[in-house]
>>> print(open('my_file.cif').read())   # mmCIF, C-alpha atoms
data_input
#
loop_
_atom_site.label_atom_id
_atom_site.label_comp_id
_atom_site.auth_asym_id
_atom_site.auth_seq_id
_atom_site.Cartn_x
_atom_site.Cartn_y
_atom_site.Cartn_z
CA MET Z 1 0.00 0.00 0.00
CA ALA Z 2 1.04 3.60 -0.57
CA GLU Z 3 -0.41 7.01 0.19
CA LEU Z 4 -1.42 9.50 -2.48
CA VAL Z 5 -2.16 13.13 -1.64
CA THR Z 6 -4.75 14.63 -3.97
CA GLY Z 7 -4.92 18.21 -5.13
CA GLU Z 8 -7.37 18.89 -2.30
CA ALA Z 9 -4.75 17.64 0.23
CA VAL Z 10 -6.76 14.48 0.93
CA ALA Z 11 -4.63 11.44 1.70
CA LEU Z 12 -5.71 8.23 -0.02
CA ASP Z 13 -4.30 4.77 0.58
CA ILE Z 14 -3.95 2.75 -2.62
CA ARG Z 15 -2.72 -0.72 -3.48
CA VAL Z 16 0.51 -0.36 -5.42
CA ALA Z 17 0.79 -2.96 -8.18
CA ARG Z 18 3.25 -5.72 -7.40
CA LEU Z 19 6.28 -6.34 -9.57
CA ALA Z 20 5.04 -9.79 -10.64
CA SER Z 21 1.64 -8.54 -11.83
CA ARG Z 22 3.27 -5.65 -13.69
CA ALA Z 23 5.70 -8.05 -15.37
CA ILE Z 24 2.88 -10.33 -16.55
CA ALA Z 25 0.90 -7.35 -17.83
CA LEU Z 26 4.00 -6.16 -19.69
CA LEU Z 27 4.51 -9.57 -21.29
CA LEU Z 28 0.91 -9.58 -22.48
CA ASP Z 29 1.30 -6.10 -23.95
CA LEU Z 30 4.59 -7.07 -25.64
CA LEU Z 31 2.90 -10.13 -27.13
CA VAL Z 32 0.16 -7.94 -28.57
CA GLN Z 33 2.69 -5.43 -29.88
CA PHE Z 34 4.87 -8.12 -31.47
CA SER Z 35 1.84 -9.65 -33.18
CA VAL Z 36 0.59 -6.33 -34.53
CA LEU Z 37 4.10 -5.26 -35.52
CA ASN Z 38 4.69 -8.44 -37.52
CA VAL Z 39 1.47 -7.92 -39.46
CA VAL Z 40 2.17 -4.24 -40.08
CA LEU Z 41 5.79 -4.82 -41.11
CA TYR Z 42 4.68 -7.51 -43.51
CA GLY Z 43 2.33 -5.00 -45.07
CA THR Z 44 5.00 -2.31 -45.34
CA SER Z 45 7.43 -4.78 -46.92
CA MET Z 46 4.92 -5.28 -49.70
CA THR Z 47 5.35 -1.63 -50.69
CA ALA Z 48 8.80 -2.54 -52.03
CA LEU Z 49 7.00 -4.11 -54.98
CA ILE Z 50 5.53 -0.79 -56.09
CA ALA Z 51 7.81 1.84 -54.49
CA ASP Z 52 11.49 2.48 -53.91
CA GLY Z 53 13.43 1.45 -50.81
CA ALA Z 54 13.18 4.87 -49.15
CA TRP Z 55 9.39 4.63 -48.98
CA THR Z 56 9.61 1.14 -47.51
CA ALA Z 57 12.19 2.20 -44.92
CA GLY Z 58 10.13 5.26 -43.95
CA LEU Z 59 6.93 3.27 -43.56
CA THR Z 60 8.78 0.65 -41.53
CA VAL Z 61 10.09 3.25 -39.08
CA LEU Z 62 6.68 4.92 -38.85
CA ALA Z 63 4.90 1.61 -38.23
CA THR Z 64 7.41 0.65 -35.54
CA VAL Z 65 6.96 3.97 -33.71
CA VAL Z 66 3.17 3.77 -33.91
CA VAL Z 67 3.04 0.23 -32.50
CA VAL Z 68 5.82 0.52 -29.90
CA VAL Z 69 5.08 4.05 -28.63
CA GLY Z 70 1.59 4.80 -29.87
CA TYR Z 71 -0.02 1.61 -28.54
CA PRO Z 72 0.62 2.23 -24.80
CA ALA Z 73 0.32 6.02 -25.02
CA THR Z 74 -3.01 5.94 -26.86
CA LEU Z 75 -4.60 3.18 -24.80
CA GLU Z 76 -3.54 4.62 -21.45
CA THR Z 77 -4.97 8.00 -22.44
CA ILE Z 78 -8.27 6.69 -23.82
CA THR Z 79 -8.91 4.11 -21.09
CA ARG Z 80 -7.63 6.32 -18.25
CA GLY Z 81 -4.48 4.36 -17.53
CA ARG Z 82 -5.06 0.85 -18.85
CA THR Z 83 -3.55 -1.19 -21.66
CA LEU Z 84 -4.78 -4.64 -22.66
CA GLY Z 85 -2.23 -6.27 -20.35
CA LYS Z 86 -3.21 -4.03 -17.45
CA MET Z 87 -6.89 -4.74 -18.04
CA ALA Z 88 -6.20 -8.47 -17.84
CA LEU Z 89 -4.27 -8.09 -14.57
CA GLY Z 90 -6.52 -5.43 -13.03
CA LEU Z 91 -3.91 -2.64 -13.05
CA ARG Z 92 -4.20 1.07 -13.79
CA VAL Z 93 -1.77 3.95 -14.23
CA VAL Z 94 -2.68 7.11 -12.30
CA ALA Z 95 -0.94 10.42 -11.69
CA ASP Z 96 0.97 10.95 -8.46
CA ASP Z 97 -1.96 13.01 -7.12
CA GLY Z 98 -4.42 10.18 -7.85
CA GLY Z 99 -5.90 11.82 -10.94
CA PRO Z 100 -6.25 10.19 -14.36
CA VAL Z 101 -3.14 9.90 -16.50
CA ARG Z 102 -2.85 12.56 -19.20
CA LEU Z 103 -1.58 12.25 -22.76
CA ARG Z 104 1.72 13.93 -21.92
CA GLN Z 105 2.34 11.51 -19.07
CA ALA Z 106 1.33 8.48 -21.12
CA LEU Z 107 3.62 9.59 -23.95
CA LEU Z 108 6.56 10.05 -21.57
CA ARG Z 109 5.96 6.57 -20.14
CA ALA Z 110 5.81 5.08 -23.63
CA LEU Z 111 9.00 6.81 -24.80
CA ALA Z 112 10.86 5.74 -21.67
CA GLY Z 113 9.42 2.23 -22.08
CA PHE Z 114 10.94 2.04 -25.57
CA VAL Z 115 14.39 2.52 -24.04
CA GLU Z 116 13.74 0.41 -20.96
CA PHE Z 117 12.10 -2.62 -22.58
CA TRP Z 118 12.88 -2.61 -26.30
CA MET Z 119 16.49 -1.39 -26.20
CA LEU Z 120 17.76 -2.48 -22.77
CA PHE Z 121 15.50 -5.53 -22.24
CA GLY Z 122 13.85 -4.19 -19.08
CA SER Z 123 16.92 -4.01 -16.86
CA PRO Z 124 16.58 -0.26 -16.03
CA ALA Z 125 12.89 -0.74 -15.20
CA LEU Z 126 13.66 -3.70 -12.94
CA ILE Z 127 16.43 -1.91 -11.05
CA ALA Z 128 14.39 1.28 -10.60
CA SER Z 129 11.34 -0.66 -9.40
CA LEU Z 130 13.36 -2.59 -6.82
CA PHE Z 131 14.89 0.57 -5.33
CA ASN Z 132 11.77 2.76 -5.46
CA ARG Z 133 9.43 2.45 -2.47
CA ARG Z 134 6.41 2.77 -4.78
CA GLY Z 135 7.76 0.33 -7.33
CA LYS Z 136 8.16 3.01 -10.01
CA ARG Z 137 10.13 2.37 -13.16
CA LEU Z 138 11.99 5.18 -14.92
CA GLY Z 139 8.98 6.01 -17.07
CA ASP Z 140 6.83 6.50 -13.98
CA ILE Z 141 9.47 8.69 -12.34
CA PHE Z 142 9.81 10.92 -15.42
CA ALA Z 143 6.04 11.15 -16.01
CA GLY Z 144 4.97 11.51 -12.38
CA THR Z 145 2.75 8.43 -12.40
CA ILE Z 146 2.23 5.27 -10.38
CA VAL Z 147 0.74 1.87 -11.26
CA MET Z 148 -1.96 0.75 -8.84
CA GLN Z 149 -3.99 -2.39 -8.30
CA ASP Z 150 -7.34 -1.40 -9.74
CA ARG Z 151 -9.10 -4.72 -9.21
CA VAL Z 152 -9.47 -5.64 -5.52
CA PRO Z 153 -9.95 -9.31 -4.59
CA ALA Z 154 -13.38 -10.27 -3.31
CA SER Z 155 -11.93 -11.22 0.07
CA ALA Z 156 -10.40 -7.77 0.44
CA MET Z 157 -13.67 -6.09 -0.45
CA PHE Z 158 -15.60 -7.85 2.31
CA GLY Z 159 -16.67 -5.40 4.94
CA PRO Z 160 -19.67 -3.81 6.62
CA VAL Z 161 -22.38 -2.24 4.52
CA ALA Z 162 -25.28 -0.01 5.45
CA MET Z 163 -27.42 -2.80 6.94
CA MET Z 164 -28.94 -2.82 10.39
CA PRO Z 165 -27.12 -5.16 12.83
CA PRO Z 166 -29.84 -7.12 14.67
CA GLN Z 167 -28.39 -6.25 18.08
CA LEU Z 168 -28.74 -2.52 17.33
CA ALA Z 169 -32.20 -2.54 15.75
CA GLY Z 170 -33.91 -1.21 18.89
CA TRP Z 171 -31.34 1.54 19.33
CA GLY Z 172 -31.68 2.47 15.66
CA ARG Z 173 -35.45 2.95 15.89
CA SER Z 174 -35.02 5.35 18.83
CA LEU Z 175 -32.42 7.56 17.14
CA GLU Z 176 -32.85 11.27 16.55
CA LEU Z 177 -31.21 11.76 13.14
CA SER Z 178 -32.28 15.25 12.11
CA ARG Z 179 -28.78 16.66 12.66
CA VAL Z 180 -27.04 14.09 10.45
CA SER Z 181 -26.31 16.08 7.30
CA ASP Z 182 -26.17 14.60 3.83
CA GLY Z 183 -22.44 15.37 3.66
CA LEU Z 184 -21.72 13.56 6.91
CA ALA Z 185 -23.82 10.57 5.82
CA LEU Z 186 -21.95 10.48 2.50
CA THR Z 187 -18.60 10.49 4.32
CA ALA Z 188 -19.69 7.55 6.45
CA ARG Z 189 -21.02 5.68 3.41
CA GLN Z 190 -17.77 6.20 1.50
CA TYR Z 191 -15.78 4.93 4.48
CA LEU Z 192 -17.87 1.76 4.67
CA GLY Z 193 -17.54 1.28 0.92
CA ARG Z 194 -13.73 1.46 1.14
CA PHE Z 195 -13.50 -0.45 4.41
CA GLY Z 196 -11.79 -3.52 2.93
CA GLU Z 197 -9.27 -1.44 0.95
CA LEU Z 198 -7.80 0.53 3.86
CA LEU Z 199 -4.81 -0.42 5.93
CA PRO Z 200 -5.86 -1.58 9.43
CA PRO Z 201 -4.33 1.44 11.28
CA VAL Z 202 -5.87 3.89 8.81
CA ARG Z 203 -9.18 2.03 8.88
CA GLU Z 204 -9.28 2.13 12.70
CA ALA Z 205 -8.34 5.80 13.03
CA MET Z 206 -10.71 6.93 10.27
CA GLY Z 207 -13.56 4.84 11.66
CA ARG Z 208 -13.15 6.29 15.15
CA ARG Z 209 -13.05 9.84 13.82
CA ILE Z 210 -16.13 9.49 11.59
CA ALA Z 211 -18.06 7.56 14.24
CA ASP Z 212 -17.32 10.24 16.88
CA GLU Z 213 -18.53 12.90 14.47
CA VAL Z 214 -21.73 11.03 13.67
CA LEU Z 215 -22.49 10.03 17.27
CA SER Z 216 -22.03 13.62 18.43
CA VAL Z 217 -25.14 14.67 16.47
CA VAL Z 218 -27.41 11.70 17.23
CA SER Z 219 -29.17 10.61 20.41
CA PRO Z 220 -29.46 8.53 22.49
CA PRO Z 221 -25.85 7.29 22.78
CA PRO Z 222 -25.18 3.77 21.48
CA PRO Z 223 -24.86 0.67 23.66
CA PRO Z 224 -21.24 0.11 24.66
CA GLY Z 225 -18.98 -2.49 23.12
CA HIS Z 226 -19.62 -1.97 19.38
CA ARG Z 227 -17.03 -1.15 16.77
CA PRO Z 228 -17.24 2.14 14.82
CA GLU Z 229 -18.09 0.53 11.47
CA ILE Z 230 -20.99 -1.39 13.07
CA LEU Z 231 -22.39 1.79 14.62
CA LEU Z 232 -22.06 3.70 11.35
CA SER Z 233 -23.79 0.88 9.50
CA ALA Z 234 -26.68 1.00 11.98
CA VAL Z 235 -27.07 4.78 11.68
CA LEU Z 236 -27.02 4.74 7.87
CA ALA Z 237 -29.42 1.79 7.71
CA GLU Z 238 -31.93 3.55 9.97
CA ARG Z 239 -31.55 6.79 8.04
CA ARG Z 240 -32.22 4.95 4.78
CA ARG Z 241 -35.21 3.12 6.29
CA ARG Z 242 -36.81 6.38 7.33
CA GLU Z 243 -36.18 7.93 3.93
CA GLU Z 244 -37.85 4.93 2.28
CA TRP Z 245 -40.77 5.22 4.66
CA ARG Z 246 -41.21 8.92 3.84
CA LEU Z 247 -41.14 8.15 0.13
CA HIS Z 248 -43.70 5.41 0.69
CA GLN Z 249 -46.01 7.83 2.50
CA ARG Z 250 -45.73 10.35 -0.31
CA ARG Z 251 -46.74 7.69 -2.81
CA VAL Z 252 -49.69 6.68 -0.65
CA ARG Z 253 -50.91 10.27 -0.37
CA ARG Z 254 -50.44 10.88 -4.09
CA MET Z 255 -52.43 7.78 -4.97
CA ALA Z 256 -55.14 8.80 -2.51
CA LEU Z 257 -55.42 12.24 -4.11
CA GLN Z 258 -55.61 10.68 -7.54
CA ARG Z 259 -58.51 8.52 -6.39
CA ARG Z 260 -60.09 11.52 -4.63
CA ALA Z 261 -60.39 9.52 -1.46
CA PRO Z 262 -59.13 10.66 1.97
CA SER Z 263 -56.29 8.60 3.37
CA GLY Z 264 -55.91 8.89 7.12
CA LEU Z 265 -54.13 5.60 7.47
CA GLN Z 266 -50.38 5.32 7.48
CA SER Z 267 -48.58 2.20 6.40
CA PRO Z 268 -45.87 0.82 8.68
CA PRO Z 269 -42.26 1.46 7.70
CA PRO Z 270 -40.73 -1.15 5.42
CA PRO Z 271 -38.74 -3.88 7.18
CA TYR Z 272 -34.97 -3.92 7.31
CA ARG Z 273 -33.27 -5.27 4.23
#
>>> encode(input="my_file.cif", output="structure tokens")
Amino acid sequence: MAELVTGEAVALDIRVARLASRAIALLLDLLVQFSVLNVVLYGTSMTALIADGAWTAGLTVLATVVVVVGYPATLETITRGRTLGKMALGLRVVADDGGPVRLRQALLRALAGFVEFWMLFGSPALIASLFNRRGKRLGDIFAGTIVMQDRVPASAMFGPVAMMPPQLAGWGRSLELSRVSDGLALTARQYLGRFGELLPPVREAMGRRIADEVLSVVSPPPPPGHRPEILLSAVLAERRRREEWRLHQRRVRRMALQRRAPSGLQSPPPPYR
């Protein structure tokens, strides 16, 4: 894991791609490039039948540059940091601030990759990756980028969601939630969504901080002995349940008005899901 600091000075923990996964992705990309290059060079060689050698040599150089440099630069720009090999391995190139990779950065990576992989057989990239704490090769250092693990394993994604824990259902129904703002609820929801991706110390500290902020604007206080993510899940689940109930009541009243019949009855809130 590594920490990125965004332009808004927000620290994000990301999963830096491992050397083995990057190497396999590179081999897949090289296989694609070799295959395309062979077909293209075969086509350019056919021009020798109708043109002089200078045209053939020029087209050969142009085709080589387009395949070797244009392939990674174009794909990483269009797909926001992914080539075919990276897609297969669940990797993505991002800027050092966590933003999407730009054309200039992708082009710098591709040009450096031509020297690193095609001319020097990957030795500079391997040495730089081993000595860089973020596993950066020379192209990443020059371009200001980093390769991250974009696809998180299912086991790592397991974590609490906004569902009501049975042991807190009674407490949830008694909560006063009018002071929980949409922004605060969104912060808690984003934390729960990223729960499995965070380092344990970061996850613990962030959970405590967000839970303290949420619990300071709700009442009554929670029963003791529950972890922050469980309490946040209970608060968000109850908040969602009440929102669904209010929407249900609006639909009931609207249908009653359409039928021109008074509706003094209220349906019970929907059960927990």
>>> closest_residue(input="my_file.cif", among="Z:Ala63, Z:Val115, Z:Tyr71, Z:Leu177", to="Z:Leu41", atoms="all atoms listed in the file")
Z:Ala63
>>> residues_near_point(input="my_file.cif", point="(6.4, -4.7, -21.3)", cutoff="10 Å", atoms="only C-alpha atoms", output="list in words")
Arg22, Ala23, Ile24, Ala25, Leu26, Leu27, Leu28, Asp29, Leu30, Leu31, Gln33, Pro72, Gly85, Gly113, Phe114, Glu116, Phe117, Trp118, Phe121, Gly122 and Ala125 of chain Z
>>> atom_distance(input="my_file.cif", atom1="atom CA of Z:Val16", atom2="atom CA of Z:Asp150")
9.0 Å
>>> resolve_selection(input="my_file.cif", expression="the PyMOL selection byres ((chain Z and resi 226-242) around 8)", output="PyMOL selection string")
chain Z and resi 160-165+168-169+172-173+177+185+188-189+192+207-208+211+214+222-225+243-246+269-272
>>> residues_around(input="my_file.cif", residues="Z:Ala17", least_positions_apart="5", cutoff="9 Å", atoms="all atoms listed in the file", output="MDAnalysis selection string")
chainID Z and resid 1 22 91:92 134:135 146:150
>>> closest_atom_pairs(input="my_file.cif", of="stretch 34-88 of chain Z", to="stretch 104-112 of chain Z", cutoff="12 Å", atoms="only C-alpha atoms", output="JSON lines")
{"residue": "Z:Val65", "atom": "CA", "partner": "Z:Leu111", "partner_atom": "CA", "distance": 9.6}
{"residue": "Z:Val66", "atom": "CA", "partner": "Z:Ala110", "partner_atom": "CA", "distance": 10.7}
{"residue": "Z:Val67", "atom": "CA", "partner": "Z:Ala110", "partner_atom": "CA", "distance": 10.5}
{"residue": "Z:Val68", "atom": "CA", "partner": "Z:Ala110", "partner_atom": "CA", "distance": 7.8}
{"residue": "Z:Val69", "atom": "CA", "partner": "Z:Ala110", "partner_atom": "CA", "distance": 5.2}
{"residue": "Z:Gly70", "atom": "CA", "partner": "Z:Ala110", "partner_atom": "CA", "distance": 7.5}
{"residue": "Z:Tyr71", "atom": "CA", "partner": "Z:Ala110", "partner_atom": "CA", "distance": 8.4}
{"residue": "Z:Pro72", "atom": "CA", "partner": "Z:Ala110", "partner_atom": "CA", "distance": 6.0}
{"residue": "Z:Ala73", "atom": "CA", "partner": "Z:Ala106", "partner_atom": "CA", "distance": 4.7}
{"residue": "Z:Thr74", "atom": "CA", "partner": "Z:Ala106", "partner_atom": "CA", "distance": 7.6}
{"residue": "Z:Leu75", "atom": "CA", "partner": "Z:Ala106", "partner_atom": "CA", "distance": 8.8}
{"residue": "Z:Glu76", "atom": "CA", "partner": "Z:Ala106", "partner_atom": "CA", "distance": 6.2}
{"residue": "Z:Thr77", "atom": "CA", "partner": "Z:Ala106", "partner_atom": "CA", "distance": 6.5}
{"residue": "Z:Ile78", "atom": "CA", "partner": "Z:Ala106", "partner_atom": "CA", "distance": 10.1}
{"residue": "Z:Thr79", "atom": "CA", "partner": "Z:Ala106", "partner_atom": "CA", "distance": 11.1}
{"residue": "Z:Arg80", "atom": "CA", "partner": "Z:Ala106", "partner_atom": "CA", "distance": 9.7}
{"residue": "Z:Gly81", "atom": "CA", "partner": "Z:Ala106", "partner_atom": "CA", "distance": 8.0}
{"residue": "Z:Arg82", "atom": "CA", "partner": "Z:Ala106", "partner_atom": "CA", "distance": 10.2}
{"residue": "Z:Thr83", "atom": "CA", "partner": "Z:Ala106", "partner_atom": "CA", "distance": 10.8}
>>> atom_distance(input="my_file.cif", atom1="atom CA of Z:Ser35", atom2="atom CA of Z:Thr64")
11.9 Å
>>> atom_distance(input="my_file.cif", atom1="atom CA of Z:Asn132", atom2="atom CA of Z:Leu19")
11.4 Å
